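Undergrad: What follows is protein_3.txt; its format and atoms are compact mmCIF, C-alpha atoms and all ligand atoms.
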```txt
# COMPACT_ATOMS: atom_id res chain seq x y z
CA MET A 1 308.15 -33.05 123.65
CA SER A 2 310.34 -32.73 120.60
CA GLY A 3 313.76 -34.21 119.83
CA ARG A 4 315.23 -37.64 120.39
CA PRO A 5 312.99 -39.95 122.43
CA LEU A 6 314.22 -41.13 125.81
CA ASP A 7 315.43 -44.71 126.12
CA THR A 8 312.96 -45.49 128.92
CA VAL A 9 310.19 -43.79 130.85
CA ILE A 10 309.54 -45.41 134.24
CA VAL A 11 306.14 -44.92 135.86
CA GLY A 12 306.60 -45.04 139.65
CA ALA A 13 309.65 -43.73 141.54
CA SER A 14 309.44 -46.04 144.55
CA LEU A 15 311.76 -49.04 145.08
CA ALA A 16 311.19 -50.91 141.80
CA GLY A 17 311.18 -47.77 139.65
CA SER A 18 314.18 -46.09 141.25
CA ALA A 19 316.24 -49.32 141.28
CA ALA A 20 315.60 -49.72 137.55
CA ALA A 21 316.39 -46.04 136.93
CA LEU A 22 319.65 -46.33 138.83
CA VAL A 23 320.84 -49.35 136.80
CA LEU A 24 319.73 -47.80 133.50
CA SER A 25 321.32 -44.43 134.22
CA ARG A 26 324.62 -45.97 135.30
CA SER A 27 324.73 -47.76 131.93
CA GLY A 28 324.41 -44.39 130.17
CA ALA A 29 320.78 -44.76 129.07
CA ARG A 30 318.51 -41.69 128.99
CA VAL A 31 315.78 -42.22 131.60
CA ALA A 32 312.90 -40.23 133.07
CA VAL A 33 310.91 -41.37 136.10
CA VAL A 34 307.43 -40.03 136.84
CA ASP A 35 305.61 -40.37 140.17
CA LYS A 36 302.38 -38.85 141.39
CA ALA A 37 303.91 -38.56 144.87
CA VAL A 38 306.56 -36.19 146.12
CA PHE A 39 309.34 -37.87 148.11
CA PRO A 40 309.97 -38.43 150.96
CA ARG A 41 306.50 -39.77 151.65
CA PRO A 42 305.05 -42.35 154.05
CA LYS A 43 303.83 -45.71 152.73
CA THR A 44 301.64 -48.46 154.14
CA CYS A 45 304.24 -51.14 154.83
CA GLY A 46 305.65 -53.22 157.69
CA GLU A 47 309.10 -51.85 156.75
CA LEU A 48 310.98 -55.13 157.25
CA PHE A 49 313.57 -55.31 154.50
CA SER A 50 314.46 -58.97 153.99
CA PRO A 51 318.02 -60.34 153.54
CA ASP A 52 317.76 -60.73 149.75
CA GLY A 53 316.74 -57.06 149.59
CA VAL A 54 319.75 -56.11 151.71
CA ALA A 55 321.96 -57.97 149.21
CA ALA A 56 320.31 -56.09 146.32
CA LEU A 57 320.92 -52.79 148.14
CA ALA A 58 324.60 -53.70 148.39
CA ARG A 59 324.77 -54.42 144.64
CA LEU A 60 323.24 -50.99 144.02
CA GLY A 61 325.84 -49.46 146.35
CA LEU A 62 323.22 -48.14 148.79
CA ASP A 63 323.48 -50.47 151.80
CA GLY A 64 325.92 -48.17 153.63
CA GLU A 65 323.59 -45.20 153.26
CA VAL A 66 320.61 -47.20 154.48
CA ARG A 67 322.48 -48.36 157.58
CA ALA A 68 323.75 -44.81 158.17
CA ALA A 69 320.15 -43.57 157.99
CA GLY A 70 319.46 -45.52 161.17
CA ALA A 71 318.10 -48.85 159.89
CA ALA A 72 317.58 -51.37 162.69
CA THR A 73 319.01 -54.88 162.21
CA ILE A 74 316.50 -57.70 162.69
CA ARG A 75 317.66 -61.30 163.20
CA ARG A 76 314.70 -62.96 164.92
CA PHE A 77 310.98 -63.32 164.32
CA ALA A 78 308.05 -64.24 166.54
CA LEU A 79 304.62 -65.33 165.42
CA VAL A 80 301.88 -64.84 167.98
CA ARG A 81 298.75 -66.93 167.64
CA PRO A 82 295.28 -65.56 168.38
CA ASP A 83 295.23 -67.53 171.65
CA GLY A 84 298.43 -65.79 172.77
CA GLY A 85 300.78 -68.72 172.10
CA ARG A 86 304.08 -67.52 170.68
CA VAL A 87 306.54 -69.27 168.38
CA ARG A 88 309.99 -67.90 167.75
CA GLY A 89 312.70 -68.41 165.16
CA ARG A 90 315.76 -66.91 163.53
CA LEU A 91 315.61 -65.30 160.10
CA PRO A 92 317.83 -67.03 157.51
CA ALA A 93 320.09 -63.92 157.51
CA PRO A 94 319.84 -60.42 159.06
CA ALA A 95 317.09 -58.13 157.75
CA LEU A 96 316.93 -54.34 158.05
CA SER A 97 314.09 -52.11 159.16
CA LEU A 98 313.86 -48.48 158.09
CA SER A 99 310.87 -46.21 157.47
CA ARG A 100 309.73 -46.01 153.84
CA GLU A 101 310.10 -42.21 154.08
CA ARG A 102 313.84 -42.72 154.39
CA LEU A 103 314.40 -45.91 152.40
CA ASP A 104 312.52 -44.89 149.26
CA ALA A 105 314.07 -41.42 149.23
CA LEU A 106 317.59 -42.92 149.51
CA VAL A 107 317.05 -45.23 146.52
CA LEU A 108 315.52 -42.34 144.55
CA ASP A 109 318.48 -40.08 145.38
CA GLY A 110 320.86 -42.83 144.23
CA ALA A 111 319.10 -42.92 140.84
CA ARG A 112 319.10 -39.12 140.61
CA ARG A 113 322.85 -39.01 141.30
CA ALA A 114 323.33 -41.62 138.55
CA GLY A 115 321.66 -39.23 136.11
CA ALA A 116 317.96 -40.18 135.96
CA ALA A 117 315.51 -37.29 135.57
CA PHE A 118 312.56 -37.26 137.99
CA HIS A 119 309.16 -35.65 137.53
CA LEU A 120 307.49 -35.88 140.93
CA GLY A 121 304.00 -34.84 141.94
CA GLU A 122 302.67 -35.76 138.48
CA ALA A 123 300.32 -38.70 137.87
CA VAL A 124 300.71 -40.52 134.57
CA THR A 125 297.29 -40.46 132.93
CA SER A 126 298.02 -42.40 129.74
CA VAL A 127 300.62 -44.65 128.13
CA GLU A 128 300.24 -45.32 124.43
CA GLY A 129 302.40 -46.80 121.69
CA SER A 130 304.41 -49.89 120.90
CA LEU A 131 307.97 -51.18 120.86
CA ALA A 132 308.05 -50.75 117.08
CA GLU A 133 306.73 -47.15 117.02
CA GLY A 134 307.83 -45.91 120.47
CA PHE A 135 305.68 -44.82 123.43
CA THR A 136 304.00 -41.60 124.52
CA VAL A 137 303.53 -41.08 128.26
CA LYS A 138 301.30 -38.22 129.43
CA THR A 139 300.84 -36.41 132.71
CA PRO A 140 298.75 -33.24 133.10
CA ALA A 141 302.03 -31.28 132.95
CA ARG A 142 304.05 -32.97 130.18
CA THR A 143 304.30 -35.47 127.36
CA LEU A 144 307.31 -37.79 127.26
CA GLU A 145 308.40 -39.99 124.38
CA ALA A 146 310.46 -43.13 124.85
CA ARG A 147 311.52 -46.34 123.17
CA THR A 148 310.42 -48.45 126.15
CA VAL A 149 308.20 -48.02 129.23
CA LEU A 150 308.62 -49.76 132.58
CA GLY A 151 305.52 -49.90 134.78
CA ALA A 152 306.53 -49.71 138.45
CA TRP A 153 303.32 -48.12 139.71
CA GLY A 154 302.71 -50.52 142.59
CA ARG A 155 299.86 -52.74 143.61
CA TYR A 156 296.85 -50.67 142.50
CA SER A 157 296.79 -47.55 140.35
CA PRO A 158 294.10 -45.80 138.31
CA LEU A 159 296.48 -46.52 135.43
CA ASP A 160 295.69 -50.23 135.87
CA GLY A 161 292.05 -49.34 135.20
CA ARG A 162 292.88 -47.25 132.14
CA LEU A 163 294.99 -50.08 130.75
CA GLY A 164 292.17 -52.59 131.31
CA ARG A 165 293.89 -54.81 133.87
CA PRO A 166 291.27 -57.25 135.14
CA PHE A 167 291.70 -56.91 138.93
CA PHE A 168 291.07 -53.16 138.85
CA GLY A 169 287.65 -52.23 140.22
CA THR A 170 286.86 -55.74 141.48
CA PRO A 171 285.91 -55.96 145.17
CA ALA A 172 289.01 -55.64 147.33
CA PRO A 173 289.49 -58.64 149.60
CA LEU A 174 292.12 -56.94 151.76
CA PHE A 175 293.60 -53.55 152.69
CA GLY A 176 296.78 -52.57 154.47
CA PHE A 177 297.13 -49.97 157.19
CA LYS A 178 300.04 -48.58 159.13
CA LYS A 179 300.92 -46.41 162.09
CA PHE A 180 304.06 -45.45 163.94
CA LEU A 181 304.17 -45.92 167.70
CA ALA A 182 306.50 -44.16 170.09
CA GLY A 183 307.76 -44.88 173.59
CA ALA A 184 310.91 -45.89 175.41
CA SER A 185 309.74 -49.50 175.66
CA GLY A 186 310.14 -49.87 171.88
CA SER A 187 313.65 -51.13 172.58
CA ARG A 188 311.97 -54.34 173.81
CA LEU A 189 311.44 -55.11 170.12
CA SER A 190 315.12 -54.72 169.36
CA ASP A 191 316.42 -57.30 166.81
CA LEU A 192 312.90 -58.75 166.44
CA VAL A 193 309.94 -58.66 164.08
CA THR A 194 306.70 -59.85 165.65
CA LEU A 195 303.62 -60.91 163.73
CA HIS A 196 300.32 -60.98 165.62
CA VAL A 197 297.48 -62.85 163.95
CA PHE A 198 294.00 -61.57 164.84
CA ARG A 199 290.45 -62.11 163.64
CA GLY A 200 290.35 -60.45 160.23
CA GLY A 201 294.08 -60.05 159.57
CA TYR A 202 297.56 -59.79 161.00
CA LEU A 203 299.92 -57.02 162.07
CA GLY A 204 303.69 -56.76 162.25
CA LEU A 205 305.69 -54.78 164.79
CA SER A 206 309.30 -53.81 164.23
CA LEU A 207 311.66 -51.13 165.40
CA VAL A 208 312.75 -48.59 162.78
CA GLU A 209 315.10 -45.60 163.08
CA GLU A 210 315.20 -43.39 166.17
CA GLY A 211 313.38 -45.87 168.37
CA ARG A 212 310.05 -45.58 166.56
CA VAL A 213 308.01 -48.74 166.15
CA SER A 214 306.29 -49.47 162.87
CA LEU A 215 302.93 -51.22 163.01
CA GLY A 216 301.90 -52.49 159.57
CA ALA A 217 298.78 -54.61 159.09
CA LEU A 218 296.90 -56.50 156.41
CA ALA A 219 293.22 -56.94 157.12
CA THR A 220 289.69 -57.29 155.81
CA PRO A 221 287.97 -54.12 154.56
CA ALA A 222 285.92 -53.94 157.79
CA VAL A 223 289.00 -53.91 160.04
CA ALA A 224 290.83 -51.45 157.76
CA GLN A 225 287.80 -49.17 157.92
CA GLU A 226 287.90 -49.36 161.72
CA ALA A 227 291.60 -48.38 161.57
CA HIS A 228 290.74 -45.46 159.33
CA HIS A 229 287.89 -44.15 161.49
CA ASP A 230 289.31 -44.69 164.98
CA PHE A 231 292.74 -46.34 165.17
CA ASP A 232 292.96 -46.00 168.97
CA HIS A 233 289.64 -47.77 169.38
CA LEU A 234 290.76 -50.61 167.08
CA LEU A 235 294.02 -50.99 168.98
CA ALA A 236 292.15 -51.07 172.30
CA ARG A 237 289.89 -53.83 170.94
CA LEU A 238 292.82 -55.89 169.64
CA ARG A 239 294.69 -55.47 172.94
CA ALA A 240 291.63 -56.69 174.84
CA GLU A 241 291.38 -59.73 172.56
CA SER A 242 295.07 -60.63 172.87
CA PRO A 243 296.99 -60.22 176.14
CA ALA A 244 300.16 -61.01 174.18
CA LEU A 245 299.59 -58.03 171.88
CA ALA A 246 298.76 -55.87 174.91
CA ALA A 247 302.10 -56.91 176.45
CA ASP A 248 304.02 -56.13 173.24
CA LEU A 249 302.34 -52.71 172.99
CA ASP A 250 302.76 -51.84 176.65
CA GLY A 251 304.32 -48.37 176.98
CA LEU A 252 303.91 -47.60 173.26
CA THR A 253 301.61 -44.82 172.07
CA PRO A 254 300.40 -44.19 168.51
CA GLU A 255 301.94 -41.05 167.04
CA PRO A 256 299.36 -38.28 166.39
CA GLY A 257 297.33 -38.28 163.19
CA PRO A 258 295.21 -40.80 161.34
CA ALA A 259 296.39 -44.29 160.34
CA LEU A 260 297.60 -44.62 156.77
CA VAL A 261 295.30 -46.97 154.84
CA SER A 262 296.50 -48.54 151.60
CA GLU A 263 294.99 -49.04 148.20
CA PRO A 264 293.10 -52.35 147.77
CA VAL A 265 295.43 -55.34 148.07
CA HIS A 266 294.91 -58.12 145.52
CA LEU A 267 297.53 -60.75 146.32
CA GLY A 268 299.29 -62.90 143.73
CA PRO A 269 301.34 -62.78 140.53
CA ARG A 270 300.01 -60.76 137.57
CA GLY A 271 302.65 -61.25 134.90
CA ALA A 272 305.80 -59.37 133.99
CA THR A 273 304.29 -57.63 130.96
CA TRP A 274 301.04 -55.94 129.98
CA GLY A 275 300.62 -55.28 126.28
CA GLU A 276 304.11 -54.15 125.28
CA LEU A 277 304.96 -52.65 128.68
CA LEU A 278 307.46 -54.26 131.03
CA LEU A 279 306.36 -54.39 134.67
CA ALA A 280 308.39 -54.61 137.90
CA GLY A 281 307.69 -54.68 141.64
CA ASP A 282 304.10 -54.92 142.85
CA ALA A 283 302.78 -53.92 139.42
CA ALA A 284 303.86 -57.39 138.25
CA GLY A 285 302.65 -59.24 141.34
CA VAL A 286 301.84 -58.71 145.01
CA VAL A 287 303.45 -61.14 147.43
CA ASP A 288 301.90 -61.70 150.89
CA PRO A 289 303.19 -59.04 153.31
CA TYR A 290 303.88 -61.65 156.05
CA THR A 291 306.88 -62.77 153.98
CA GLY A 292 308.55 -59.38 154.34
CA SER A 293 309.69 -59.92 150.74
CA GLY A 294 307.72 -57.33 148.76
CA MET A 295 310.32 -54.58 149.00
CA ALA A 296 313.15 -56.97 148.15
CA LEU A 297 311.23 -58.24 145.12
CA ALA A 298 310.56 -54.66 144.04
CA LEU A 299 314.25 -53.82 144.25
CA ARG A 300 315.40 -57.06 142.60
CA THR A 301 312.89 -57.02 139.73
CA GLY A 302 313.61 -53.30 139.22
CA GLU A 303 317.34 -54.03 139.10
CA ALA A 304 316.83 -56.90 136.61
CA ALA A 305 314.47 -54.87 134.40
CA GLY A 306 316.95 -51.99 134.39
CA ALA A 307 319.76 -54.30 133.25
CA LEU A 308 317.68 -55.74 130.40
CA LEU A 309 316.41 -52.34 129.27
CA ALA A 310 319.99 -51.02 129.35
CA ASP A 311 321.03 -53.85 127.02
CA HIS A 312 318.13 -52.95 124.73
CA ALA A 313 319.07 -49.25 124.79
CA ALA A 314 322.65 -50.14 123.85
CA GLY A 315 321.45 -52.24 120.91
CA ARG A 316 322.52 -55.53 122.51
CA PHE A 317 318.94 -56.82 122.66
CA SER A 318 316.28 -56.60 119.96
CA ALA A 319 312.81 -55.17 120.60
CA ALA A 320 311.25 -58.43 119.36
CA ALA A 321 313.03 -60.47 122.03
CA LEU A 322 312.46 -57.99 124.88
CA LEU A 323 309.08 -59.11 126.22
CA PRO A 324 309.67 -62.89 126.29
CA GLU A 325 313.13 -62.32 127.75
CA TRP A 326 311.73 -60.09 130.52
CA SER A 327 309.08 -62.69 131.37
CA ARG A 328 311.81 -65.33 131.58
CA ARG A 329 314.09 -63.16 133.77
CA TRP A 330 311.19 -62.07 136.01
CA ARG A 331 310.35 -65.74 136.67
CA ALA A 332 314.02 -66.43 137.42
CA VAL A 333 314.15 -63.54 139.94
CA THR A 334 310.85 -64.35 141.66
CA GLY A 335 311.38 -68.14 141.72
CA CYS A 336 308.85 -69.94 143.93
CA VAL A 337 308.11 -66.94 146.16
CA PHE A 338 304.52 -66.47 144.94
CA PHE A 339 303.77 -70.19 145.22
CA PHE A 340 305.01 -70.46 148.80
CA SER A 341 303.52 -67.14 149.89
CA ARG A 342 300.12 -68.42 148.72
CA LEU A 343 300.69 -71.83 150.33
CA PHE A 344 301.30 -70.43 153.82
CA ARG A 345 298.69 -67.65 153.55
CA PRO A 346 296.07 -69.49 155.67
CA VAL A 347 298.54 -69.67 158.57
CA PHE A 348 298.74 -65.90 158.68
CA LEU A 349 295.34 -64.74 157.53
CA GLY A 350 293.50 -66.25 160.49
CA GLY A 351 290.02 -67.69 160.64
CA LEU A 352 289.34 -71.39 160.77
CA ALA A 353 292.48 -72.26 158.83
CA THR A 354 294.68 -70.70 161.51
CA ARG A 355 293.11 -72.78 164.24
CA LEU A 356 293.57 -75.94 162.18
CA VAL A 357 297.24 -75.39 161.48
CA VAL A 358 298.21 -73.88 164.82
CA PRO A 359 300.01 -77.03 166.05
CA ALA A 360 302.21 -76.89 162.97
CA THR A 361 302.77 -73.14 163.09
CA ALA A 362 306.32 -73.05 164.49
CA PRO A 363 307.98 -75.27 161.87
CA LEU A 364 305.78 -73.78 159.15
CA ALA A 365 306.75 -70.24 160.07
CA GLY A 366 310.44 -71.16 159.99
CA LEU A 367 310.00 -72.92 156.67
CA ALA A 368 308.02 -69.99 155.28
CA ALA A 369 310.78 -67.61 156.35
CA ARG A 370 313.25 -69.60 154.24
CA LEU A 371 311.06 -70.47 151.25
CA THR A 372 309.51 -67.06 150.66
CA ARG A 373 312.86 -65.35 150.28
CA GLY A 374 315.03 -65.31 147.23
CA PRO A 375 318.77 -65.92 147.20
CA THR A 376 320.73 -63.41 149.23
C1 LIG B 1 300.19 -53.97 154.89
C2 LIG B 1 301.43 -54.21 154.10
C3 LIG B 1 302.61 -54.47 154.78
C4 LIG B 1 303.78 -54.71 154.06
N1 LIG B 1 304.92 -54.97 154.76
C5 LIG B 1 306.06 -55.26 154.08
C6 LIG B 1 307.25 -55.54 154.77
O1 LIG B 1 307.32 -55.52 156.02
N2 LIG B 1 308.36 -55.84 154.05
C7 LIG B 1 308.34 -55.87 152.68
O2 LIG B 1 309.37 -56.16 152.06
N3 LIG B 1 307.22 -55.57 151.99
C8 LIG B 1 306.09 -55.26 152.66
N4 LIG B 1 304.95 -54.93 151.96
C9 LIG B 1 305.01 -54.89 150.49
C10 LIG B 1 305.72 -53.63 149.99
O3 LIG B 1 305.13 -52.48 150.56
C11 LIG B 1 305.61 -53.56 148.45
O4 LIG B 1 305.93 -54.83 147.92
C12 LIG B 1 306.55 -52.52 147.85
O5 LIG B 1 306.22 -51.22 148.30
C13 LIG B 1 306.48 -52.55 146.32
O6 LIG B 1 307.30 -51.54 145.79
P1 LIG B 1 307.01 -50.96 144.33
O7 LIG B 1 308.15 -50.05 144.02
O8 LIG B 1 306.70 -52.07 143.41
O9 LIG B 1 305.65 -50.16 144.48
P2 LIG B 1 305.23 -48.99 145.46
O10 LIG B 1 306.18 -48.87 146.60
O11 LIG B 1 303.79 -49.22 145.76
O12 LIG B 1 305.38 -47.68 144.57
C14 LIG B 1 304.57 -47.44 143.46
C15 LIG B 1 304.75 -45.97 143.10
O13 LIG B 1 304.02 -45.71 141.91
C16 LIG B 1 303.41 -44.44 142.03
N5 LIG B 1 302.27 -44.38 141.11
C17 LIG B 1 301.15 -45.13 141.12
N6 LIG B 1 300.34 -44.78 140.10
C18 LIG B 1 300.98 -43.80 139.42
C19 LIG B 1 300.66 -43.03 138.28
N7 LIG B 1 299.52 -43.20 137.59
N8 LIG B 1 301.52 -42.08 137.86
C20 LIG B 1 302.69 -41.87 138.54
N9 LIG B 1 303.04 -42.59 139.65
C21 LIG B 1 302.20 -43.54 140.07
C22 LIG B 1 303.03 -44.32 143.50
O14 LIG B 1 302.91 -42.97 143.91
C23 LIG B 1 304.21 -45.03 144.18
O15 LIG B 1 305.23 -44.14 144.61
C24 LIG B 1 303.76 -54.69 152.65
C25 LIG B 1 302.58 -54.41 151.97
C26 LIG B 1 301.42 -54.18 152.69
C27 LIG B 1 300.15 -53.91 151.95
```
Taking this structure as input, can you express it in the form of structure tokens?
Ligand SMILES: Cc1cc2nc3c(=O)[nH]c(=O)nc-3n(C[C@H](O)[C@H](O)[C@H](O)COP(=O)(O)OP(=O)(O)OC[C@H]3O[C@@H](n4cnc5c(N)ncnc54)[C@H](O)[C@@H]3O)c2cc1C

TA:
Amino acid sequence: MSGRPLDTVIVGASLAGSAAALVLSRSGARVAVVDKAVFPRPKTCGELFSPDGVAALARLGLDGEVRAAGAATIRRFALVRPDGGRVRGRLPAPALSLSRERLDALVLDGARRAGAAFHLGEAVTSVEGSLAEGFTVKTPARTLEARTVLGAWGRYSPLDGRLGRPFFGTPAPLFGFKKFLAGASGSRLSDLVTLHVFRGGYLGLSLVEEGRVSLGALATPAVAQEAHHDFDHLLARLRAESPALAADLDGLTPEPGPALVSEPVHLGPRGATWGELLLAGDAAGVVDPYTGSGMALALRTGEAAGALLADHAAGRFSAAALLPEWSRRWRAVTGCVFFFSRLFRPVFLGGLATRLVVPATAPLAGLAARLTRGPT
């Protein structure tokens, strides 16, 4: 590419990347976003969009569109123990539930309308450079030059390996998988997200648009493999092990096609920067899915990174101060979420720990619902 470098190239056009692009473009900065996927696309996710995410959507001016796209409102949660016992509670504020096909495409379209350029269906293969010299970002189809780069490439990308991030290539402790279910009895789940803990993981059920039910799960590699090879067989096994799950799934049928299985899931914070790159969303840290906070964090850290990079582009913030300032702001946005999501993990990830803490599960689940969400 010749000519004036862009202000920012963003790698990843999902929630974190598109939120950042929207904020940057509205400020007048010149932004390009690259994603290996073409949108709309499905994504392994429970699709519960927590209240702090709903507030961030409103700040971005997209909450009306998301509701108009058919998002279900969720006010209550239930946690179902392996023995079938069920605890219930109210979420601190209403959440929304919409398929990632629709949600991600709406945020992307918002950024496009604000003026961001998108290069979709192109994987970024290398990022080189520095804040002093500028960056070069390459895909098989193009070379982009920019003053700053924001990494919003999610929880696990080949780019992590090329950049030498330590978790890449280490044995994956967990995988996610997801499937939509259909059936008139889905309305039973109206206003409710239900988490079923089972041996080897947990799954969430919530209603999304048009009466479909989203089933998103986090599980050991063995269970995820079972989901990949024969989802119906896995579901039959889990139903047989838990009458409560069988009751919740009664009248619901998996939509045709294989289950979607995620990249490896390495939970925990990773840091807001890598080298001289700023990171947002899952690329900077993966919060436990049971919190239903990952999407909100992606949107909120993307929004905050966009605001800081816009200040840098406008000359209001020096390159030297950029990285420490982003680390400080990222910590301010994420607060104690990673600490509490780790603290309550044994309650949700089953095994011996679940049996030990079961008597305390109801108050813990309520507390977790409050503590693992940021300000709304
Ligand atoms: C099983 C499971 C259930 C979950 N359930 C929920 C839930 O109910 N509620 C919730 O809030 N969160 C949930 N999450 C978490 C949520 O899915 C993530 O936190 C969220 O998607 C992070 O958004 P992101 O924009 O950071 O990354 P992503 O949404 O992962 O997007 C990253 C993007 O980067 C692109 N990309 C990657 N590598 C490259 C490359 N080299 N070049 C170009 N593009 C690239 C990808 O194509 C992708 O579009 C769940 C996670 C799992 C695993």

Undergrad: Residues near Arg86 of chain A, anyone? I mean within 9 Å using all atoms listed in the file, not counting same-chain ones fewer than 6 positions away, as a PDB file with C-alpha atoms, keeping the file's coordinate frame.

TA:
```pdb
ATOM      1  CA  ALA A  78     308.050 -64.240 166.540  1.00  0.00           C
ATOM      2  CA  LEU A  79     304.620 -65.330 165.420  1.00  0.00           C
ATOM      3  CA  VAL A  80     301.880 -64.840 167.980  1.00  0.00           C
ATOM      4  CA  ALA A 244     300.160 -61.010 174.180  1.00  0.00           C
ATOM      5  CA  ALA A 362     306.320 -73.050 164.490  1.00  0.00           C
TER       6      ALA A 362
END
```

Undergrad: Give me, as a tab-separated table, each residue of segment 32-58 of chain A that comes within 10 Å of segment 246-266 of chain A, together with its shortest interatomic pair and the distance in Å at one decimal, counting only C-alpha atoms, with rows ordered by chain and rising residue number.

TA:
```
residue	atom	partner	partner_atom	distance
A:Pro42	CA	A:Leu260	CA	8.2
A:Lys43	CA	A:Leu260	CA	7.5
A:Thr44	CA	A:Ser262	CA	5.7
A:Cys45	CA	A:Ser262	CA	8.8
```

Undergrad: Hey, which residues come within 7 Å of ligand LIG 1 (chain B) if we count all atoms listed in the file? Could you give them as a PyMOL selection string?

TA: chain A and resi 11-17+34-37+44-50+122-125+152-155+157-159+175-178+216-218+262+265+280-283+286-287+289-290+292-298

Undergrad: Calculate how many Å separate atom CA of Arg328 of chain A from atom CA of Tyr156 of chain A, rounding to one decimal.

TA: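 Value for the atom CA of Arg328 of chain A-atom CA of Tyr156 of chain A distance: 23.6 Å.
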
Undergrad: Find the spatial neighbours of Ser18 of chain A, counting all atoms listed in the file, within a cut-off of 9 Å - ignore same-chain residues fewer than 6 positions away - and output them as a VMD selection string.

TA: chain A and resid 10 12 33 104 107 to 112 116 152 299 302 to 303

Undergrad: Could you state the separation of atom CA of Ser99 of chain A and atom CA of Leu267 of chain A in Å, given to one decimal place?

TA: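 Answer for the atom CA of Ser99 of chain A to atom CA of Leu267 of chain A separation: 22.7 Å.
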
Undergrad: How about completing segment 54-65 of chain A with N, CA and C atoms and giving it to me as a short mmCIF file (atom, residue, chain, number, x, y, z; two decimals), in the coordinates of the input?

TA:
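File written: part-v2.cif
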```
data_model
loop_
_atom_site.label_atom_id
_atom_site.label_comp_id
_atom_site.auth_asym_id
_atom_site.auth_seq_id
_atom_site.Cartn_x
_atom_site.Cartn_y
_atom_site.Cartn_z
N VAL A 54 318.53 -56.73 151.21
CA VAL A 54 319.75 -56.11 151.71
C VAL A 54 320.90 -56.39 150.72
N ALA A 55 320.93 -57.63 150.19
CA ALA A 55 321.96 -57.97 149.21
C ALA A 55 321.81 -57.13 147.94
N ALA A 56 320.55 -56.91 147.52
CA ALA A 56 320.31 -56.09 146.32
C ALA A 56 320.75 -54.64 146.57
N LEU A 57 320.48 -54.15 147.79
CA LEU A 57 320.92 -52.79 148.14
C LEU A 57 322.43 -52.66 148.02
N ALA A 58 323.13 -53.72 148.45
CA ALA A 58 324.60 -53.70 148.39
C ALA A 58 325.05 -53.66 146.93
N ARG A 59 324.39 -54.45 146.07
CA ARG A 59 324.77 -54.42 144.64
C ARG A 59 324.56 -53.04 144.04
N LEU A 60 323.52 -52.34 144.53
CA LEU A 60 323.24 -50.99 144.02
C LEU A 60 324.14 -49.94 144.67
N GLY A 61 324.90 -50.37 145.67
CA GLY A 61 325.84 -49.46 146.35
C GLY A 61 325.14 -48.57 147.36
N LEU A 62 323.99 -49.01 147.89
CA LEU A 62 323.22 -48.14 148.79
C LEU A 62 323.10 -48.69 150.21
N ASP A 63 323.67 -49.87 150.47
CA ASP A 63 323.48 -50.47 151.80
C ASP A 63 324.11 -49.62 152.91
N GLY A 64 325.26 -49.01 152.62
CA GLY A 64 325.92 -48.17 153.63
C GLY A 64 325.05 -46.99 154.00
N GLU A 65 324.45 -46.37 152.99
CA GLU A 65 323.59 -45.20 153.26
C GLU A 65 322.36 -45.59 154.07
#
```
